[in-house]
Amino acid sequence: MIEDKVRLEFMGDQALLLRLPENVPIETGEALDRLLSLRAALLRELEGVDGIEDVTMGYRSVAVYARFEDVAPEDLLARARRAVRSLRSLAAPRTSAGARVHLPVVYGGDFGPDLDEVAERAGLSPQDVVRLHQEGVYRVAMIGFSPGFAYLIGLPEALRVPRRATPRSRVERGSVGIAGFQTGVYSFATPGGWQIIGRTPVALFDANRASPSLLSPGDVVRFEAVTEEEYHARFGAYT
């Protein structure tokens, strides 16, 4: 079973990493389902334990960040092993449904400068790119790169184009991009090399919110095309 092959290794004196085998597919969501189950099992084992700072997910791993002056590494390792063993009796990964989030997007023009290039690479019209991107049902696989930036799987195969050959020095906050099998939204204005096809007014990260990151692993995201006028009219309502 996959759970028998989970690799456990310490990341210096900061964290314990639990890594799935490299052959567990990411694009299909199998890795995500198993990691969500593993994270849930870890949280049960770690409930009430002093020194646990965070439990975060990557594409193929879960990291438990801890203060080892408050929790012994061997205790953390034992709890992690119990969490892994608890999954072996499951016929299928046991996960809870994530939140469902709709994001309005202005596609093309100044908001999506790479839309035409994506269409050309994919052999589609810009209108077909927008239609297909909206039809996708996306799942948040992990948060990374910058606070609140969600890596989304579920991009239709017809839209899977490579990153830009030359990254931009600045990609605006809210920009919706494509890179390979992924789509995502820039949570801050940063350098970036994804193909930008649109922009949303929704704030993906806000330190003043109770949960600063709008999205979490396991959430489901749908995109909705809006006009530039609607973008500006709804800006306050969505942020």
# chains A, B, ... in the order shown; residues from 1 in each chain; ligands from 1
$ residues_around --residues "Ser146 of chain A" --least-positions-apart "3" --cutoff "10 Å" --atoms "only C-alpha atoms" --output "list in words"
Ile143, Phe149, Ala150, Tyr186, Ser187, Phe188, Ala189, Thr190 and Phe205 of chain A
$ select_by_dssp --residues "segment 38-186 of chain A" --states "alpha helix (DSSP H)" --output "PyMOL selection string"
chain A and resi 38-46+73-86+115-122+126-135
$ write_last_selection --atoms "N, CA and C atoms" --output "compact mmCIF listing (two decimals), in the first residue's frame"
# COMPACT_ATOMS: atom_id res chain seq x y z
N LEU A 38 -3.72 12.08 5.34
CA LEU A 38 -2.55 12.01 6.21
C LEU A 38 -2.50 13.22 7.14
N ARG A 39 -2.79 14.39 6.61
CA ARG A 39 -2.79 15.58 7.46
C ARG A 39 -3.85 15.47 8.56
N ALA A 40 -5.04 14.98 8.20
CA ALA A 40 -6.10 14.82 9.19
C ALA A 40 -5.67 13.84 10.29
N ALA A 41 -5.01 12.74 9.88
CA ALA A 41 -4.54 11.76 10.87
C ALA A 41 -3.47 12.37 11.76
N LEU A 42 -2.59 13.17 11.17
CA LEU A 42 -1.55 13.83 11.96
C LEU A 42 -2.16 14.80 12.97
N LEU A 43 -3.14 15.57 12.54
CA LEU A 43 -3.75 16.54 13.45
C LEU A 43 -4.43 15.84 14.62
N ARG A 44 -5.00 14.65 14.37
CA ARG A 44 -5.59 13.89 15.48
C ARG A 44 -4.51 13.44 16.46
N GLU A 45 -3.40 12.96 15.94
CA GLU A 45 -2.32 12.48 16.80
C GLU A 45 -1.64 13.62 17.56
N LEU A 46 -1.64 14.81 16.98
CA LEU A 46 -0.91 15.93 17.57
C LEU A 46 -1.78 16.84 18.42
N PRO A 73 11.82 15.14 19.50
CA PRO A 73 11.75 14.62 18.14
C PRO A 73 11.28 13.17 18.07
N GLU A 74 11.72 12.34 19.03
CA GLU A 74 11.30 10.93 19.00
C GLU A 74 9.81 10.78 19.27
N ASP A 75 9.25 11.68 20.10
CA ASP A 75 7.81 11.65 20.34
C ASP A 75 7.05 12.06 19.09
N LEU A 76 7.53 13.10 18.43
CA LEU A 76 6.89 13.55 17.18
C LEU A 76 6.97 12.45 16.13
N LEU A 77 8.10 11.80 16.01
CA LEU A 77 8.27 10.72 15.04
C LEU A 77 7.31 9.58 15.33
N ALA A 78 7.17 9.21 16.60
CA ALA A 78 6.27 8.12 16.97
C ALA A 78 4.82 8.47 16.63
N ARG A 79 4.43 9.69 16.90
CA ARG A 79 3.06 10.10 16.58
C ARG A 79 2.82 10.11 15.07
N ALA A 80 3.82 10.55 14.32
CA ALA A 80 3.69 10.55 12.86
C ALA A 80 3.57 9.13 12.32
N ARG A 81 4.33 8.21 12.88
CA ARG A 81 4.24 6.81 12.44
C ARG A 81 2.86 6.23 12.75
N ARG A 82 2.29 6.59 13.90
CA ARG A 82 0.95 6.11 14.22
C ARG A 82 -0.07 6.68 13.24
N ALA A 83 0.11 7.94 12.86
CA ALA A 83 -0.79 8.55 11.88
C ALA A 83 -0.73 7.81 10.55
N VAL A 84 0.48 7.46 10.12
CA VAL A 84 0.63 6.72 8.86
C VAL A 84 -0.02 5.35 8.97
N ARG A 85 0.22 4.65 10.10
CA ARG A 85 -0.36 3.31 10.27
C ARG A 85 -1.88 3.35 10.30
N SER A 86 -2.45 4.44 10.81
CA SER A 86 -3.90 4.53 10.90
C SER A 86 -4.57 4.56 9.53
N LEU A 115 -3.28 35.86 -23.00
CA LEU A 115 -4.42 35.07 -23.47
C LEU A 115 -4.25 34.67 -24.93
N ASP A 116 -3.85 35.60 -25.78
CA ASP A 116 -3.70 35.27 -27.20
C ASP A 116 -2.58 34.26 -27.43
N GLU A 117 -1.50 34.38 -26.67
CA GLU A 117 -0.40 33.43 -26.82
C GLU A 117 -0.82 32.03 -26.37
N VAL A 118 -1.55 31.97 -25.27
CA VAL A 118 -2.05 30.67 -24.81
C VAL A 118 -2.96 30.06 -25.87
N ALA A 119 -3.83 30.87 -26.45
CA ALA A 119 -4.73 30.38 -27.49
C ALA A 119 -3.94 29.84 -28.68
N GLU A 120 -2.91 30.58 -29.10
CA GLU A 120 -2.11 30.14 -30.24
C GLU A 120 -1.38 28.83 -29.93
N ARG A 121 -0.80 28.74 -28.75
CA ARG A 121 -0.08 27.52 -28.38
C ARG A 121 -1.02 26.32 -28.30
N ALA A 122 -2.24 26.58 -27.84
CA ALA A 122 -3.20 25.49 -27.66
C ALA A 122 -3.98 25.18 -28.93
N PRO A 126 -9.15 32.59 -28.53
CA PRO A 126 -9.17 33.14 -27.17
C PRO A 126 -10.49 32.87 -26.45
N GLN A 127 -11.60 32.91 -27.21
CA GLN A 127 -12.91 32.65 -26.60
C GLN A 127 -12.99 31.21 -26.08
N ASP A 128 -12.39 30.27 -26.80
CA ASP A 128 -12.41 28.88 -26.35
C ASP A 128 -11.54 28.70 -25.11
N VAL A 129 -10.43 29.43 -25.06
CA VAL A 129 -9.57 29.35 -23.86
C VAL A 129 -10.36 29.82 -22.64
N VAL A 130 -11.06 30.94 -22.77
CA VAL A 130 -11.85 31.46 -21.66
C VAL A 130 -12.93 30.46 -21.26
N ARG A 131 -13.62 29.92 -22.26
CA ARG A 131 -14.69 28.95 -21.98
C ARG A 131 -14.16 27.73 -21.24
N LEU A 132 -13.06 27.16 -21.74
CA LEU A 132 -12.51 25.96 -21.12
C LEU A 132 -11.99 26.25 -19.72
N HIS A 133 -11.37 27.41 -19.55
CA HIS A 133 -10.84 27.74 -18.23
C HIS A 133 -11.98 27.87 -17.21
N GLN A 134 -13.11 28.43 -17.64
CA GLN A 134 -14.26 28.55 -16.75
C GLN A 134 -14.90 27.19 -16.45
N GLU A 135 -14.85 26.30 -17.41
CA GLU A 135 -15.50 25.00 -17.23
C GLU A 135 -14.73 24.09 -16.28
$ atom_distance --atom1 "atom CA of Trp194 of chain A" --atom2 "atom CA of Gly144 of chain A"
14.4 Å
$ residues_around --residues "Pro167 of chain A" --least-positions-apart "2" --cutoff "10 Å" --atoms "only C-alpha atoms" --output "list in words"
Arg163, Arg164, Ala165, Ser169, Arg170, Val171, Pro191, Gly192, Gly193, Trp194 and Gln195 of chain A
$ write_last_selection --atoms "all heavy atoms" --output "PDB file, in the first residue's frame"
ATOM      1  N   ARG A 163       5.279  27.491 -19.074  1.00  0.00           N
ATOM      2  CA  ARG A 163       5.552  28.835 -18.581  1.00  0.00           C
ATOM      3  C   ARG A 163       6.157  29.704 -19.683  1.00  0.00           C
ATOM      4  O   ARG A 163       6.634  29.205 -20.698  1.00  0.00           O
ATOM      5  CB  ARG A 163       6.546  28.771 -17.401  1.00  0.00           C
ATOM      6  CG  ARG A 163       5.998  28.187 -16.126  1.00  0.00           C
ATOM      7  CD  ARG A 163       7.125  28.032 -15.115  1.00  0.00           C
ATOM      8  NE  ARG A 163       6.662  27.707 -13.785  1.00  0.00           N
ATOM      9  CZ  ARG A 163       6.337  26.502 -13.369  1.00  0.00           C
ATOM     10  NH1 ARG A 163       6.424  25.481 -14.221  1.00  0.00           N
ATOM     11  NH2 ARG A 163       5.931  26.310 -12.126  1.00  0.00           N
ATOM     12  N   ARG A 164       6.179  30.994 -19.429  1.00  0.00           N
ATOM     13  CA  ARG A 164       6.833  31.922 -20.336  1.00  0.00           C
ATOM     14  C   ARG A 164       8.333  31.650 -20.373  1.00  0.00           C
ATOM     15  O   ARG A 164       8.930  31.295 -19.356  1.00  0.00           O
ATOM     16  CB  ARG A 164       6.598  33.363 -19.882  1.00  0.00           C
ATOM     17  CG  ARG A 164       5.177  33.855 -20.037  1.00  0.00           C
ATOM     18  CD  ARG A 164       5.011  35.248 -19.435  1.00  0.00           C
ATOM     19  NE  ARG A 164       5.991  36.174 -19.974  1.00  0.00           N
ATOM     20  CZ  ARG A 164       5.870  36.827 -21.118  1.00  0.00           C
ATOM     21  NH1 ARG A 164       4.781  36.650 -21.853  1.00  0.00           N
ATOM     22  NH2 ARG A 164       6.807  37.670 -21.532  1.00  0.00           N
ATOM     23  N   ALA A 165       8.926  31.833 -21.529  1.00  0.00           N
ATOM     24  CA  ALA A 165      10.377  31.630 -21.649  1.00  0.00           C
ATOM     25  C   ALA A 165      11.142  32.648 -20.803  1.00  0.00           C
ATOM     26  O   ALA A 165      12.192  32.345 -20.225  1.00  0.00           O
ATOM     27  CB  ALA A 165      10.799  31.739 -23.109  1.00  0.00           C
ATOM     28  N   SER A 169       9.147  40.784 -14.581  1.00  0.00           N
ATOM     29  CA  SER A 169       9.678  41.317 -13.326  1.00  0.00           C
ATOM     30  C   SER A 169       8.561  41.677 -12.356  1.00  0.00           C
ATOM     31  O   SER A 169       8.781  41.767 -11.143  1.00  0.00           O
ATOM     32  CB  SER A 169      10.555  42.544 -13.584  1.00  0.00           C
ATOM     33  OG  SER A 169       9.794  43.568 -14.217  1.00  0.00           O
ATOM     34  N   ARG A 170       7.337  41.869 -12.879  1.00  0.00           N
ATOM     35  CA  ARG A 170       6.188  42.167 -12.023  1.00  0.00           C
ATOM     36  C   ARG A 170       4.922  41.596 -12.641  1.00  0.00           C
ATOM     37  O   ARG A 170       4.598  41.893 -13.798  1.00  0.00           O
ATOM     38  CB  ARG A 170       6.035  43.672 -11.823  1.00  0.00           C
ATOM     39  CG  ARG A 170       4.840  44.073 -10.936  1.00  0.00           C
ATOM     40  CD  ARG A 170       4.680  45.579 -10.866  1.00  0.00           C
ATOM     41  NE  ARG A 170       3.468  45.977 -10.148  1.00  0.00           N
ATOM     42  CZ  ARG A 170       3.433  46.256  -8.850  1.00  0.00           C
ATOM     43  NH1 ARG A 170       4.544  46.188  -8.131  1.00  0.00           N
ATOM     44  NH2 ARG A 170       2.290  46.609  -8.266  1.00  0.00           N
ATOM     45  N   VAL A 171       4.230  40.799 -11.860  1.00  0.00           N
ATOM     46  CA  VAL A 171       2.902  40.303 -12.215  1.00  0.00           C
ATOM     47  C   VAL A 171       1.940  40.869 -11.176  1.00  0.00           C
ATOM     48  O   VAL A 171       2.168  40.725  -9.973  1.00  0.00           O
ATOM     49  CB  VAL A 171       2.849  38.761 -12.211  1.00  0.00           C
ATOM     50  CG1 VAL A 171       1.433  38.282 -12.492  1.00  0.00           C
ATOM     51  CG2 VAL A 171       3.825  38.192 -13.229  1.00  0.00           C
ATOM     52  N   PRO A 191       7.445  39.078  -9.146  1.00  0.00           N
ATOM     53  CA  PRO A 191       7.930  38.519 -10.406  1.00  0.00           C
ATOM     54  C   PRO A 191       7.252  37.170 -10.647  1.00  0.00           C
ATOM     55  O   PRO A 191       6.841  36.498  -9.701  1.00  0.00           O
ATOM     56  CB  PRO A 191       9.431  38.356 -10.166  1.00  0.00           C
ATOM     57  CG  PRO A 191       9.751  39.293  -9.053  1.00  0.00           C
ATOM     58  CD  PRO A 191       8.535  39.305  -8.181  1.00  0.00           C
ATOM     59  N   GLY A 192       7.148  36.777 -11.909  1.00  0.00           N
ATOM     60  CA  GLY A 192       6.526  35.488 -12.192  1.00  0.00           C
ATOM     61  C   GLY A 192       6.607  35.115 -13.647  1.00  0.00           C
ATOM     62  O   GLY A 192       6.678  35.983 -14.530  1.00  0.00           O
ATOM     63  N   GLY A 193       6.553  33.799 -13.904  1.00  0.00           N
ATOM     64  CA  GLY A 193       6.696  33.308 -15.270  1.00  0.00           C
ATOM     65  C   GLY A 193       5.497  32.565 -15.808  1.00  0.00           C
ATOM     66  O   GLY A 193       5.570  31.969 -16.885  1.00  0.00           O
ATOM     67  N   TRP A 194       4.367  32.589 -15.082  1.00  0.00           N
ATOM     68  CA  TRP A 194       3.186  31.899 -15.587  1.00  0.00           C
ATOM     69  C   TRP A 194       2.550  32.710 -16.714  1.00  0.00           C
ATOM     70  O   TRP A 194       2.726  33.929 -16.807  1.00  0.00           O
ATOM     71  CB  TRP A 194       2.188  31.681 -14.456  1.00  0.00           C
ATOM     72  CG  TRP A 194       2.615  30.662 -13.438  1.00  0.00           C
ATOM     73  CD1 TRP A 194       3.895  30.362 -13.075  1.00  0.00           C
ATOM     74  CD2 TRP A 194       1.768  29.818 -12.658  1.00  0.00           C
ATOM     75  NE1 TRP A 194       3.904  29.389 -12.110  1.00  0.00           N
ATOM     76  CE2 TRP A 194       2.610  29.028 -11.833  1.00  0.00           C
ATOM     77  CE3 TRP A 194       0.398  29.648 -12.562  1.00  0.00           C
ATOM     78  CZ2 TRP A 194       2.114  28.085 -10.941  1.00  0.00           C
ATOM     79  CZ3 TRP A 194      -0.101  28.709 -11.668  1.00  0.00           C
ATOM     80  CH2 TRP A 194       0.742  27.933 -10.875  1.00  0.00           C
ATOM     81  N   GLN A 195       1.792  32.010 -17.567  1.00  0.00           N
ATOM     82  CA  GLN A 195       1.055  32.676 -18.651  1.00  0.00           C
ATOM     83  C   GLN A 195      -0.182  33.336 -18.052  1.00  0.00           C
ATOM     84  O   GLN A 195      -1.069  32.668 -17.521  1.00  0.00           O
ATOM     85  CB  GLN A 195       0.637  31.648 -19.708  1.00  0.00           C
ATOM     86  CG  GLN A 195       1.776  30.848 -20.304  1.00  0.00           C
ATOM     87  CD  GLN A 195       2.530  31.599 -21.382  1.00  0.00           C
ATOM     88  OE1 GLN A 195       2.231  32.752 -21.675  1.00  0.00           O
ATOM     89  NE2 GLN A 195       3.504  30.948 -22.005  1.00  0.00           N
TER      90      GLN A 195
END
$ closest_residue --among "A:Gly48, A:Gly112, A:Pro156, A:Gly29" --to "Gly177 of chain A" --atoms "only C-alpha atoms"
A:Gly112
$ closest_residue --among "A:Leu20, A:Ala31, A:Leu103, A:Val137" --to "Lys5 of chain A" --atoms "only C-alpha atoms"
A:Leu20
$ residues_around --residues "Arg100 of chain A" --least-positions-apart "5" --cutoff "6 Å" --atoms "only C-alpha atoms" --output "list in words"
Asp219, Val220 and Val221 of chain A
$ write_last_selection --atoms "all heavy atoms" --output "PDB file, in the first residue's frame"
ATOM      1  N   ASP A 219      -9.842  22.773  -1.023  1.00  0.00           N
ATOM      2  CA  ASP A 219     -10.935  23.639  -1.479  1.00  0.00           C
ATOM      3  C   ASP A 219     -11.156  23.469  -2.977  1.00  0.00           C
ATOM      4  O   ASP A 219     -10.247  23.103  -3.724  1.00  0.00           O
ATOM      5  CB  ASP A 219     -10.622  25.109  -1.184  1.00  0.00           C
ATOM      6  CG  ASP A 219     -10.725  25.455   0.294  1.00  0.00           C
ATOM      7  OD1 ASP A 219     -11.171  24.594   1.078  1.00  0.00           O
ATOM      8  OD2 ASP A 219     -10.364  26.588   0.655  1.00  0.00           O
ATOM      9  N   VAL A 220     -12.384  23.757  -3.406  1.00  0.00           N
ATOM     10  CA  VAL A 220     -12.762  23.677  -4.816  1.00  0.00           C
ATOM     11  C   VAL A 220     -12.987  25.087  -5.341  1.00  0.00           C
ATOM     12  O   VAL A 220     -13.672  25.895  -4.707  1.00  0.00           O
ATOM     13  CB  VAL A 220     -14.038  22.836  -5.007  1.00  0.00           C
ATOM     14  CG1 VAL A 220     -14.485  22.832  -6.466  1.00  0.00           C
ATOM     15  CG2 VAL A 220     -13.807  21.407  -4.524  1.00  0.00           C
ATOM     16  N   VAL A 221     -12.398  25.382  -6.508  1.00  0.00           N
ATOM     17  CA  VAL A 221     -12.446  26.722  -7.073  1.00  0.00           C
ATOM     18  C   VAL A 221     -13.046  26.680  -8.472  1.00  0.00           C
ATOM     19  O   VAL A 221     -12.703  25.812  -9.276  1.00  0.00           O
ATOM     20  CB  VAL A 221     -11.035  27.355  -7.135  1.00  0.00           C
ATOM     21  CG1 VAL A 221     -11.080  28.734  -7.797  1.00  0.00           C
ATOM     22  CG2 VAL A 221     -10.433  27.452  -5.743  1.00  0.00           C
TER      23      VAL A 221
END
$ atom_distance --atom1 "atom CA of Leu204 of chain A" --atom2 "atom CA of Glu30 of chain A"
25.1 Å
$ atom_distance --atom1 "atom CA of Met57 of chain A" --atom2 "atom CA of Val105 of chain A"
26.8 Å
$ closest_atom_pairs --of "segment 99-164 of chain A" --to "segment 58-61 of chain A" --cutoff "12 Å" --atoms "only C-alpha atoms" --output "CSV"
residue,atom,partner,partner_atom,distance
A:Arg139,CA,A:Tyr59,CA,11.9
A:Val140,CA,A:Tyr59,CA,10.0
A:Ala141,CA,A:Tyr59,CA,6.2
A:Met142,CA,A:Gly58,CA,5.4
A:Ile143,CA,A:Gly58,CA,7.5
A:Gly144,CA,A:Gly58,CA,8.1
A:Phe145,CA,A:Gly58,CA,11.0
A:Ala150,CA,A:Gly58,CA,10.8
A:Tyr151,CA,A:Tyr59,CA,8.9
A:Leu152,CA,A:Tyr59,CA,10.4
A:Ile153,CA,A:Tyr59,CA,10.2
$ decode --residues "segment 165-188 of chain A" --atoms "N, CA and C atoms" --output "short mmCIF file (atom, residue, chain, number, x, y, z; two decimals), in the first residue's frame"
data_model
loop_
_atom_site.label_atom_id
_atom_site.label_comp_id
_atom_site.auth_asym_id
_atom_site.auth_seq_id
_atom_site.Cartn_x
_atom_site.Cartn_y
_atom_site.Cartn_z
N ALA A 165 8.93 31.83 -21.53
CA ALA A 165 10.38 31.63 -21.65
C ALA A 165 11.14 32.65 -20.80
N THR A 166 10.61 33.86 -20.72
CA THR A 166 11.22 34.92 -19.91
C THR A 166 10.21 35.40 -18.89
N PRO A 167 10.45 35.19 -17.60
CA PRO A 167 9.51 35.65 -16.58
C PRO A 167 9.40 37.17 -16.58
N ARG A 168 8.26 37.66 -16.14
CA ARG A 168 8.07 39.10 -15.95
C ARG A 168 8.68 39.53 -14.62
N SER A 169 9.15 40.78 -14.58
CA SER A 169 9.68 41.32 -13.33
C SER A 169 8.56 41.68 -12.36
N ARG A 170 7.34 41.87 -12.88
CA ARG A 170 6.19 42.17 -12.02
C ARG A 170 4.92 41.60 -12.64
N VAL A 171 4.23 40.80 -11.86
CA VAL A 171 2.90 40.30 -12.21
C VAL A 171 1.94 40.87 -11.18
N GLU A 172 0.87 41.51 -11.63
CA GLU A 172 -0.03 42.20 -10.71
C GLU A 172 -0.79 41.24 -9.80
N ARG A 173 -1.10 41.73 -8.62
CA ARG A 173 -1.93 40.97 -7.68
C ARG A 173 -3.26 40.63 -8.32
N GLY A 174 -3.71 39.39 -8.11
CA GLY A 174 -4.98 38.95 -8.68
C GLY A 174 -4.85 38.34 -10.05
N SER A 175 -3.65 38.37 -10.64
CA SER A 175 -3.46 37.80 -11.98
C SER A 175 -3.69 36.30 -11.97
N VAL A 176 -4.44 35.83 -12.96
CA VAL A 176 -4.75 34.40 -13.11
C VAL A 176 -3.80 33.82 -14.15
N GLY A 177 -3.03 32.80 -13.76
CA GLY A 177 -2.02 32.27 -14.65
C GLY A 177 -2.16 30.78 -14.90
N ILE A 178 -1.45 30.34 -15.94
CA ILE A 178 -1.37 28.92 -16.32
C ILE A 178 0.09 28.56 -16.45
N ALA A 179 0.43 27.38 -15.94
CA ALA A 179 1.79 26.84 -16.09
C ALA A 179 1.70 25.32 -16.10
N GLY A 180 1.85 24.71 -17.26
CA GLY A 180 1.74 23.26 -17.33
C GLY A 180 0.34 22.80 -16.95
N PHE A 181 0.26 21.87 -16.00
CA PHE A 181 -1.05 21.33 -15.60
C PHE A 181 -1.72 22.17 -14.51
N GLN A 182 -1.11 23.31 -14.16
CA GLN A 182 -1.60 24.11 -13.05
C GLN A 182 -2.24 25.42 -13.51
N THR A 183 -3.17 25.90 -12.72
CA THR A 183 -3.60 27.29 -12.83
C THR A 183 -3.56 27.86 -11.42
N GLY A 184 -3.52 29.18 -11.32
CA GLY A 184 -3.43 29.79 -10.00
C GLY A 184 -3.60 31.29 -10.09
N VAL A 185 -3.69 31.92 -8.91
CA VAL A 185 -3.90 33.36 -8.82
C VAL A 185 -2.79 33.96 -7.98
N TYR A 186 -2.16 35.00 -8.51
CA TYR A 186 -1.09 35.68 -7.77
C TYR A 186 -1.71 36.46 -6.60
N SER A 187 -1.26 36.16 -5.40
CA SER A 187 -1.81 36.80 -4.21
C SER A 187 -1.18 38.15 -3.92
N PHE A 188 -0.01 38.38 -4.49
CA PHE A 188 0.70 39.66 -4.36
C PHE A 188 1.32 40.00 -5.71
#
